[in-house]
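For reference, the structure discussed in these notes is given below.
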Amino acid sequence: MSAVLDHHGHPGAHGDHAHDDHHTPSGWRRWVFATNHKDIGTMYLLFAFTMLMVGGVLALCIRAELFQPGLQFFNPELFNQFTTMHGLIMVFGAIMPAFVGFANWMIPLQIGASDMAFARMNNFSFWLLIPAAVMLVASFFMPGGAPAAGWTLYAPLTLQMGPSMDAGIFAMHIMGASSIMGSINIIVTVLNMRAPGMTLMKMPLFSWTWLITAYLLIAVMPVLAGAITMTLTDRHFGTTFFNPAGGGDPIMYQHIFWFFGHPEVYIMILPAFGIVSAIIPAFARKRLFGYTSMVYATASIAILSFIVWAHHMYTTGMPVTGQLFFMYATMLIAVPTGVKIFNWVATMWRGSMTFETPMLWAVGFIFVFTMGGFTGLILSMAPVDQQLQDTYYVVAHFHYVLVAGSLFAMFAGYYYWAPKWMGVMYSETRGKIHFWWSLIAFNITFFPMHFLGLAGMPRRYADYPMQFADFNMWASVGGFAFGLAQVYFFFFVVLPAMRGEGVKAPQKPWEGAEGLEWEVPSPAPHHTFETPPKLDATATRVIG
Amino acid sequence: MSSSKAMTRWAAAGALALSGMMASGAALAEKVNDLPGGPAVNQLDLHPPVTQIASDVHSLHVWLMWVCTVIFILVFGVMFYAILKHRKSLGHKSAHFHESVGVEIAWTVVPFIIVVAMGFAATKTVVAQKDTSNADLTIKVTGYQWKWGYDYLKGEGEGIAFLSQLDPAQRALSNAGTPQGDNYLLKVDNPLVVPVGQKVRIITTAADVIHSWMVPAFALKQDAIPGFVRDTWFKAEQTGDFYGQCAELCGKEHAYMPIHVRVLSHTDYSAWVAAEKKKAAAAADDPTRTWTHDELMARGDKVYAANCAVCHRADGKGAGPIKPLDGAAVVLDADHTKQLAVLLHGQNNGAMPSWAALSDVELAAVATYTKNSWSNHSDQTVQPAEVTAARK
């Protein structure tokens, strides 16, 4: 990342640096006191990748144990800790912070703003993550081990957990505060700091999807905070919100949790839609088809996400009317999601396509994410869901949308924008190796899980009947290969770029790319758009 | 870059190790056969349906798969055609169209019609699943950490009640990492027995945390929630043994509380009920008489092995957060009510659950057993009458 620094002070494309008296602090101060959106974005991304590795190691512990029936490596108690912590770390430590990192880097560049609206709060929301993550991971070393109640932290199992549960709750409070601050920052930046001429309906879709995501986060993170606070008071202060022994209702916990949890899954996928919506037109050399409908579809998904939560609870025994309402509402989400897929395909139709690494990941995203969409459609149907709830089918489904969805889109975004970040091109061969390796390994890991789920293998099982052995073996082999692919990505793609190795990137490395981020040099200077740029009619070019 | 060469070598070593592991895994998996009523080896689809609801679910699933397949072929047919033909390398020039209200409306309305059709198709089954009226037999299913309790509440067999738990031998095989048998992790001591062709209403609840009672062949899954009762139903259309497992994370032994439903013909069921009643009468423990120390020790050994050893271990030493009984002050205390209070009411928010569901004789036996096993030599005897008193 030093490449970014080296260019500081040299004349940038815009703004007169001669009068710039904001000298960047060097050494550790640059990062600890960071207020620059690019530095903070970099830290978010590195943090998220670190957590991806931690969560990934936990996943591989799970897969190692499940490689064969019988307990080989871990006792069931530890196994439950692994599944719980894998989920919490991936959701709150890897995917969400990674998208915030993309937002930090790209939103100011895309809308022609000089920085995020609240630069110091931006610093605080990042640095809050560090103690939270340390506390979460360190809970493994607390008496009784890490929380083992599943990432959903269902009551009343949480009441039986050791002191690490409290550490986990505190960590999630802190991460929630960080997310809320990040969201406020994004909303204010997008609404107040767009360059003149960058109207909302000309704004790139990545900024749009993040704007909507930020509203979702502000709406639901406090709900999660409420649910886990009630868990905390149940555990220590004699309340019985969820404890049936005192007249509490464990199902109320699930309602509150999933009122957070369902919008949360869209929080983790909407920015991915934004990234893909930038990449597909760039490599099809054709404008995004149905920009307006993409914006409306995103908003519809966000609104619908608030009225479908109980489809996670079909087997709790809701009344028949509740069952039907949530089933119909859930099915409706397929409509705006379908519109997005159709728009992307229509963008590709009669384009002039090339398949550099970002495009491969984006097309891979559409293909594999849609399979997750299909299984989502199947699970939306309440009677079928009764069969598949809490089996490996659900595990396959949400990994198809979260790994092949969110993670693949982030890789697409990395290959697309990293030349702008670090000023060097990645190696196309290595990018392609990373893509094909990940795509194949991903499907070897998660495709067999559909069969396991249909056959009735429950999730969160440390051991299983022997009929399930072969598919579990394949899933484990694929899992290790997938994990290794990400290690390859770091050492062979990211690290060389951070060291500045590789061909120097031109200002606009992609022939068909559009947007203000390509109007600044590569690597992007430390400060960009310090005076609001003058934009052309489409708000994609700077004209002075 | 020298580091990249080192990485390549590591990757190759890893791949070799993985393929070695795969070979050993494949060898191990050969020894297993399909379990009728349970999972089949490498099963690809839902279980063969045994109830009307299960066949409805099966048809809905097949129908949905066709819907998805058609959409898949259409969407990805277009996409891959474009990927193959509309390439810059083939000299294809990009068109300029980028919006069409008509097309947008079409691909909003058509999927909407499809989901409405899906909603219609599923509604009948949802309503049928929820109709628990007019049952021939009502059975209460209680989830415990980590076993199932079955109480026959109404219908033929009323009054029969028993616990059902995993064969401890299979649990030991799991720990040893040496699984074997077609019914590995599915074998229980007392299966739930029901008559064929009769509507069985299942009422679920739980004693500690949420469990979920699942029988895939019946397309049945209902959470068992502490403090609440929920109900569901099934009518098995064929006799046989059907297997399921707990489907809601319920703590460390979550994977070890299977469900086994034995569906009998009507005459066999009546015979089973008669035998159960006779057995219950004969085995009724008399908590009012004074038991000898040896009787209680022998009985306590069995109760301990069935209920306590899973956490406190056979040697009474516990493990991790599980407290040891060997040498524990509360176990050795001359005041028996202290230990009985823990047994009856649990401790640590249910980490040690309440065992009030066991009989007075069983509790007295296990208390006596723990007071006089391993390095515990208190020579105390706890009589069932003391448990009866402690319950009050």
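In the structure tokens, the first chain shown is A, the next is B, and so on; residue numbers restart at 1 for each chain, and ligands run from 1 in the order shown.
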Helix (DSSP H, G or I) call set, DSSP backbone run, range 139-298 of chain B, as a PyMOL selection string:
chain B and resi 168-176+216-218+254-256+266-283+293-298
Let me see the file: selected residues, N, CA and C atoms, as an mmCIF file, in the first residue's frame.
```cif
data_model
loop_
_atom_site.group_PDB
_atom_site.id
_atom_site.type_symbol
_atom_site.label_atom_id
_atom_site.label_comp_id
_atom_site.auth_asym_id
_atom_site.auth_seq_id
_atom_site.Cartn_x
_atom_site.Cartn_y
_atom_site.Cartn_z
ATOM 1 N N PRO B 168 -25.573 -46.510 24.089
ATOM 2 C CA PRO B 168 -24.280 -46.001 24.588
ATOM 3 C C PRO B 168 -23.088 -46.621 23.859
ATOM 4 N N ALA B 169 -23.256 -47.828 23.331
ATOM 5 C CA ALA B 169 -22.151 -48.460 22.604
ATOM 6 C C ALA B 169 -21.817 -47.656 21.351
ATOM 7 N N GLN B 170 -22.847 -47.135 20.685
ATOM 8 C CA GLN B 170 -22.591 -46.337 19.480
ATOM 9 C C GLN B 170 -21.936 -45.007 19.837
ATOM 10 N N ARG B 171 -22.357 -44.464 21.000
ATOM 11 C CA ARG B 171 -21.716 -43.211 21.451
ATOM 12 C C ARG B 171 -20.231 -43.441 21.701
ATOM 13 N N ALA B 172 -19.917 -44.609 22.255
ATOM 14 C CA ALA B 172 -18.513 -44.941 22.522
ATOM 15 C C ALA B 172 -17.747 -45.121 21.206
ATOM 16 N N LEU B 173 -18.399 -45.741 20.216
ATOM 17 C CA LEU B 173 -17.752 -45.903 18.906
ATOM 18 C C LEU B 173 -17.433 -44.545 18.292
ATOM 19 N N SER B 174 -18.353 -43.614 18.493
ATOM 20 C CA SER B 174 -18.133 -42.276 17.951
ATOM 21 C C SER B 174 -16.891 -41.654 18.582
ATOM 22 N N ASN B 175 -16.808 -41.724 19.906
ATOM 23 C CA ASN B 175 -15.649 -41.176 20.598
ATOM 24 C C ASN B 175 -14.357 -41.834 20.150
ATOM 25 N N ALA B 176 -14.442 -43.146 19.909
ATOM 26 C CA ALA B 176 -13.244 -43.868 19.518
ATOM 27 C C ALA B 176 -12.877 -43.602 18.061
ATOM 28 N N PRO B 216 -37.550 -37.685 8.562
ATOM 29 C CA PRO B 216 -37.594 -37.292 7.147
ATOM 30 C C PRO B 216 -38.600 -38.078 6.311
ATOM 31 N N ALA B 217 -38.768 -39.359 6.569
ATOM 32 C CA ALA B 217 -39.673 -40.148 5.730
ATOM 33 C C ALA B 217 -41.125 -39.695 5.891
ATOM 34 N N PHE B 218 -41.437 -39.023 7.018
ATOM 35 C CA PHE B 218 -42.791 -38.500 7.224
ATOM 36 C C PHE B 218 -42.885 -37.017 6.828
ATOM 37 N N HIS B 254 -25.794 -32.867 20.764
ATOM 38 C CA HIS B 254 -26.842 -32.640 19.754
ATOM 39 C C HIS B 254 -26.896 -33.759 18.711
ATOM 40 N N ALA B 255 -25.739 -34.252 18.317
ATOM 41 C CA ALA B 255 -25.703 -35.264 17.251
ATOM 42 C C ALA B 255 -26.071 -36.647 17.769
ATOM 43 N N TYR B 256 -26.325 -36.752 19.065
ATOM 44 C CA TYR B 256 -26.486 -38.088 19.663
ATOM 45 C C TYR B 256 -27.846 -38.267 20.313
ATOM 46 N N HIS B 266 -51.959 -53.081 13.030
ATOM 47 C CA HIS B 266 -52.816 -52.799 14.169
ATOM 48 C C HIS B 266 -52.757 -53.903 15.231
ATOM 49 N N THR B 267 -52.745 -55.164 14.795
ATOM 50 C CA THR B 267 -52.712 -56.244 15.791
ATOM 51 C C THR B 267 -51.375 -56.279 16.524
ATOM 52 N N ASP B 268 -50.301 -56.061 15.791
ATOM 53 C CA ASP B 268 -48.990 -56.024 16.449
ATOM 54 C C ASP B 268 -48.925 -54.890 17.452
ATOM 55 N N TYR B 269 -49.539 -53.766 17.082
ATOM 56 C CA TYR B 269 -49.520 -52.621 17.988
ATOM 57 C C TYR B 269 -50.268 -52.951 19.278
ATOM 58 N N SER B 270 -51.429 -53.578 19.137
ATOM 59 C CA SER B 270 -52.208 -53.939 20.330
ATOM 60 C C SER B 270 -51.413 -54.895 21.210
ATOM 61 N N ALA B 271 -50.733 -55.833 20.565
ATOM 62 C CA ALA B 271 -49.918 -56.780 21.330
ATOM 63 C C ALA B 271 -48.806 -56.044 22.067
ATOM 64 N N TRP B 272 -48.202 -55.066 21.387
ATOM 65 C CA TRP B 272 -47.120 -54.299 22.005
ATOM 66 C C TRP B 272 -47.639 -53.527 23.221
ATOM 67 N N VAL B 273 -48.830 -52.924 23.057
ATOM 68 C CA VAL B 273 -49.415 -52.163 24.168
ATOM 69 C C VAL B 273 -49.646 -53.083 25.362
ATOM 70 N N ALA B 274 -50.196 -54.270 25.087
ATOM 71 C CA ALA B 274 -50.477 -55.207 26.182
ATOM 72 C C ALA B 274 -49.182 -55.601 26.888
ATOM 73 N N ALA B 275 -48.144 -55.868 26.090
ATOM 74 C CA ALA B 275 -46.869 -56.270 26.686
ATOM 75 C C ALA B 275 -46.278 -55.145 27.522
ATOM 76 N N GLU B 276 -46.367 -53.919 27.014
ATOM 77 C CA GLU B 276 -45.833 -52.776 27.751
ATOM 78 C C GLU B 276 -46.519 -52.614 29.089
ATOM 79 N N LYS B 277 -47.862 -52.775 29.054
ATOM 80 C CA LYS B 277 -48.619 -52.598 30.301
ATOM 81 C C LYS B 277 -48.193 -53.646 31.325
ATOM 82 N N LYS B 278 -48.034 -54.890 30.824
ATOM 83 C CA LYS B 278 -47.652 -55.970 31.730
ATOM 84 C C LYS B 278 -46.272 -55.705 32.317
ATOM 85 N N LYS B 279 -45.366 -55.271 31.441
ATOM 86 C CA LYS B 279 -44.002 -55.002 31.865
ATOM 87 C C LYS B 279 -43.984 -53.875 32.899
ATOM 88 N N ALA B 280 -44.803 -52.853 32.657
ATOM 89 C CA ALA B 280 -44.815 -51.708 33.564
ATOM 90 C C ALA B 280 -45.293 -52.139 34.941
ATOM 91 N N ALA B 281 -46.316 -53.001 34.945
ATOM 92 C CA ALA B 281 -46.842 -53.450 36.236
ATOM 93 C C ALA B 281 -45.774 -54.238 36.985
ATOM 94 N N ALA B 282 -45.057 -55.121 36.246
ATOM 95 C CA ALA B 282 -44.070 -55.967 36.904
ATOM 96 C C ALA B 282 -42.870 -55.170 37.397
ATOM 97 N N ALA B 283 -42.501 -54.165 36.598
ATOM 98 C CA ALA B 283 -41.263 -53.471 36.924
ATOM 99 C C ALA B 283 -41.466 -52.286 37.843
ATOM 100 N N HIS B 293 -28.542 -51.875 50.360
ATOM 101 C CA HIS B 293 -27.433 -51.127 49.758
ATOM 102 C C HIS B 293 -27.027 -51.747 48.419
ATOM 103 N N ASP B 294 -26.924 -53.073 48.371
ATOM 104 C CA ASP B 294 -26.469 -53.728 47.143
ATOM 105 C C ASP B 294 -27.467 -53.568 46.009
ATOM 106 N N GLU B 295 -28.759 -53.680 46.344
ATOM 107 C CA GLU B 295 -29.796 -53.468 45.332
ATOM 108 C C GLU B 295 -29.648 -52.085 44.699
ATOM 109 N N LEU B 296 -29.467 -51.078 45.568
ATOM 110 C CA LEU B 296 -29.373 -49.702 45.081
ATOM 111 C C LEU B 296 -28.100 -49.507 44.255
ATOM 112 N N MET B 297 -26.983 -50.138 44.698
ATOM 113 C CA MET B 297 -25.737 -50.006 43.944
ATOM 114 C C MET B 297 -25.883 -50.598 42.543
ATOM 115 N N ALA B 298 -26.512 -51.781 42.467
ATOM 116 C CA ALA B 298 -26.662 -52.447 41.165
ATOM 117 C C ALA B 298 -27.540 -51.610 40.239
#
```
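Residues with any atom within 7 Å of Gln467 in chain A, counting only C-alpha atoms and excluding same-chain neighbours fewer than 3 positions away, are B:Val32, B:Asp34, B:Pro39, B:Ala40, B:Val41, B:Asn42.
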Keeping N, CA and C atoms, export the residues of the selection given above as a compact mmCIF listing (two decimals), in the first residue's frame.
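Output file result_36.txt is given in full below:
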```
# COMPACT_ATOMS: atom_id res chain seq x y z
N VAL B 32 -20.71 -49.84 4.43
CA VAL B 32 -22.06 -49.49 4.89
C VAL B 32 -23.10 -49.73 3.80
N ASP B 34 -27.49 -49.28 2.68
CA ASP B 34 -28.67 -48.44 2.91
C ASP B 34 -29.38 -48.89 4.18
N PRO B 39 -31.29 -43.12 6.19
CA PRO B 39 -30.58 -42.66 5.01
C PRO B 39 -30.06 -43.81 4.15
N ALA B 40 -30.03 -43.59 2.83
CA ALA B 40 -29.38 -44.54 1.92
C ALA B 40 -27.97 -44.04 1.64
N VAL B 41 -27.12 -44.94 1.21
CA VAL B 41 -25.75 -44.54 0.90
C VAL B 41 -25.78 -43.58 -0.29
N ASN B 42 -25.14 -42.42 -0.12
CA ASN B 42 -25.09 -41.40 -1.17
C ASN B 42 -26.47 -41.07 -1.72
```
Which residue of A:Ala119, A:Ala219, A:Ala167, A:Met161 approaches chain B most closely, using only C-alpha atoms:
A:Met161
Hey, what's within 12 Å of Ala382 in chain A if we count only C-alpha atoms and toss same-chain stuff fewer than 5 positions away? As a compact mmCIF listing (two decimals) with C-alpha atoms, in the first residue's frame, please?
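To be explicit, this is the file written out as selection.txt:
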```txt
# COMPACT_ATOMS: atom_id res chain seq x y z
CA ALA A 310 -40.14 -15.77 10.07
CA HIS A 311 -39.34 -17.97 7.06
CA HIS A 312 -36.37 -18.97 9.23
CA MET A 313 -38.91 -20.28 11.74
CA TYR A 314 -41.32 -22.49 9.79
CA THR A 315 -40.66 -25.39 12.15
CA THR A 316 -41.26 -23.47 15.37
CA GLY A 317 -44.97 -24.10 14.95
CA MET A 318 -46.42 -20.78 13.80
CA VAL A 320 -51.19 -21.45 9.66
CA THR A 321 -51.86 -17.82 8.70
CA GLY A 322 -48.38 -16.79 9.83
CA GLN A 323 -46.90 -19.66 7.88
CA LEU A 324 -48.76 -18.59 4.72
CA PHE A 325 -47.99 -14.87 5.08
CA PHE A 326 -44.27 -15.41 5.44
CA MET A 327 -44.25 -17.94 2.63
CA TYR A 328 -45.94 -15.56 0.16
CA ALA A 329 -43.79 -12.59 1.19
CA THR A 330 -40.63 -14.64 0.84
CA MET A 331 -41.54 -15.86 -2.62
CA GLY A 376 -33.77 -20.12 -1.84
CA LEU A 377 -36.92 -20.36 -3.93
CA GLN A 387 -38.16 -31.13 5.28
CA LEU A 388 -34.98 -29.16 4.74
CA GLN A 389 -34.87 -26.77 7.70
CA VAL B 57 -43.83 -32.38 -0.30
CA LEU B 60 -43.86 -29.99 -4.73
CA HIS B 61 -40.11 -30.42 -4.67
CA MET B 118 -46.01 -21.57 -6.38
CA GLY B 119 -47.91 -19.99 -3.52
CA PHE B 120 -51.16 -21.60 -4.66
CA ALA B 121 -49.54 -24.98 -5.05
CA ALA B 122 -48.08 -24.96 -1.55
CA THR B 123 -51.03 -23.52 0.37
CA LYS B 124 -53.05 -26.75 0.48
CA THR B 125 -50.14 -28.65 1.98
CA VAL B 126 -49.44 -25.94 4.56
CA VAL B 127 -53.05 -26.10 5.70
CA ALA B 128 -53.03 -29.90 5.76
CA GLN B 129 -49.83 -29.98 7.80
CA LYS B 130 -51.43 -27.80 10.43
CA ALA B 219 -41.71 -34.99 6.06
CA LEU B 220 -42.10 -34.10 9.69
CA LYS B 221 -40.06 -31.65 11.72
```
Excluding same-chain residues fewer than 3 positions from Gln165 in chain B, what lies within 6 Å of it counting only C-alpha atoms, as a PyMOL selection string?
chain B and resi 147+188-189
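When only C-alpha atoms are used to measure the gap to chain B, the shortest distance among A:Met198, A:Ala138, A:Ala278, A:Met294 belongs to A:Met294.
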Selection: 7 Å around Ala95 in chain B, only C-alpha atoms, excl. self and same-chain fewer than 6 positions, as a PyMOL selection string:
chain A and resi 286+350-351
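Using only C-alpha atoms, the smallest distance between any of A:Leu379, A:Met85, A:Val494, A:Val395 and His434 in chain A comes from A:Val494.
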Do you know which residues are at most 12 Å from range 333-336 of chain B counting only C-alpha atoms, after dropping those on the same chain fewer than 2 positions away, and could you put them as a ChimeraX atom specification?
/B:325,327-331,338-343,363-364,367-368,370-372,376-387,389-390
I need the chosen residues saved as a PDB file, in the first residue's frame, with C-alpha atoms.
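So the final result, stored in out_27.pdb, reads:
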```pdb
ATOM      1  CA  LEU B 325     -18.296 -36.411  41.040  1.00  0.00           C
ATOM      2  CA  GLY B 327     -14.308 -36.745  45.480  1.00  0.00           C
ATOM      3  CA  ALA B 328     -16.963 -34.013  45.202  1.00  0.00           C
ATOM      4  CA  ALA B 329     -18.028 -32.537  48.534  1.00  0.00           C
ATOM      5  CA  VAL B 330     -21.698 -32.366  47.638  1.00  0.00           C
ATOM      6  CA  VAL B 331     -21.695 -36.063  46.714  1.00  0.00           C
ATOM      7  CA  LYS B 338     -27.800 -31.378  49.191  1.00  0.00           C
ATOM      8  CA  GLN B 339     -27.065 -33.882  46.450  1.00  0.00           C
ATOM      9  CA  LEU B 340     -30.742 -34.623  45.929  1.00  0.00           C
ATOM     10  CA  ALA B 341     -31.434 -30.905  45.449  1.00  0.00           C
ATOM     11  CA  VAL B 342     -28.891 -30.797  42.607  1.00  0.00           C
ATOM     12  CA  LEU B 343     -30.339 -33.941  41.052  1.00  0.00           C
ATOM     13  CA  LEU B 363     -32.552 -41.153  41.867  1.00  0.00           C
ATOM     14  CA  ALA B 364     -31.932 -42.882  45.200  1.00  0.00           C
ATOM     15  CA  ALA B 367     -27.139 -41.082  44.557  1.00  0.00           C
ATOM     16  CA  THR B 368     -26.114 -44.199  46.464  1.00  0.00           C
ATOM     17  CA  THR B 370     -22.066 -41.992  43.292  1.00  0.00           C
ATOM     18  CA  LYS B 371     -21.489 -41.946  47.047  1.00  0.00           C
ATOM     19  CA  ASN B 372     -19.804 -45.351  46.895  1.00  0.00           C
ATOM     20  CA  ASN B 376     -15.823 -42.324  47.057  1.00  0.00           C
ATOM     21  CA  HIS B 377     -16.339 -44.656  50.039  1.00  0.00           C
ATOM     22  CA  SER B 378     -18.933 -42.915  52.161  1.00  0.00           C
ATOM     23  CA  ASP B 379     -20.863 -46.134  52.977  1.00  0.00           C
ATOM     24  CA  GLN B 380     -24.012 -44.003  52.886  1.00  0.00           C
ATOM     25  CA  THR B 381     -27.251 -45.363  51.471  1.00  0.00           C
ATOM     26  CA  VAL B 382     -29.935 -43.051  50.084  1.00  0.00           C
ATOM     27  CA  GLN B 383     -33.403 -44.541  50.312  1.00  0.00           C
ATOM     28  CA  PRO B 384     -36.160 -43.805  47.747  1.00  0.00           C
ATOM     29  CA  ALA B 385     -38.259 -42.441  50.581  1.00  0.00           C
ATOM     30  CA  GLU B 386     -35.710 -39.658  51.060  1.00  0.00           C
ATOM     31  CA  VAL B 387     -36.145 -38.667  47.417  1.00  0.00           C
ATOM     32  CA  ALA B 389     -39.458 -36.344  50.784  1.00  0.00           C
ATOM     33  CA  ALA B 390     -36.997 -34.119  48.900  1.00  0.00           C
TER      34      ALA B 390
END
```
Near range 267-277 of chain A, counting only C-alpha atoms, which residues have an atom at most 8 Å away, once you skip same-chain residues fewer than 2 positions from it, shown as a PyMOL selection string?
chain A and resi 95-96+99+205-210+213-214+216-217+263-265+279-281+288+298+344+362+401-402+405-406+409-410+412-413
DSSP-assigned strand (DSSP E or B) members of range 281-499 of chain A, reported as an MDAnalysis selection string:
chainID A and resid 353 391 424 458
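Proximity ranking of A:Gly226, A:Ile251, A:Thr445, A:Phe451 relative to His47 in chain B places A:Phe451 first, based on only C-alpha atoms.
Going from CA of Gly157 in chain B over to CA of Gly227 in chain B, you cover 25.6 Å.
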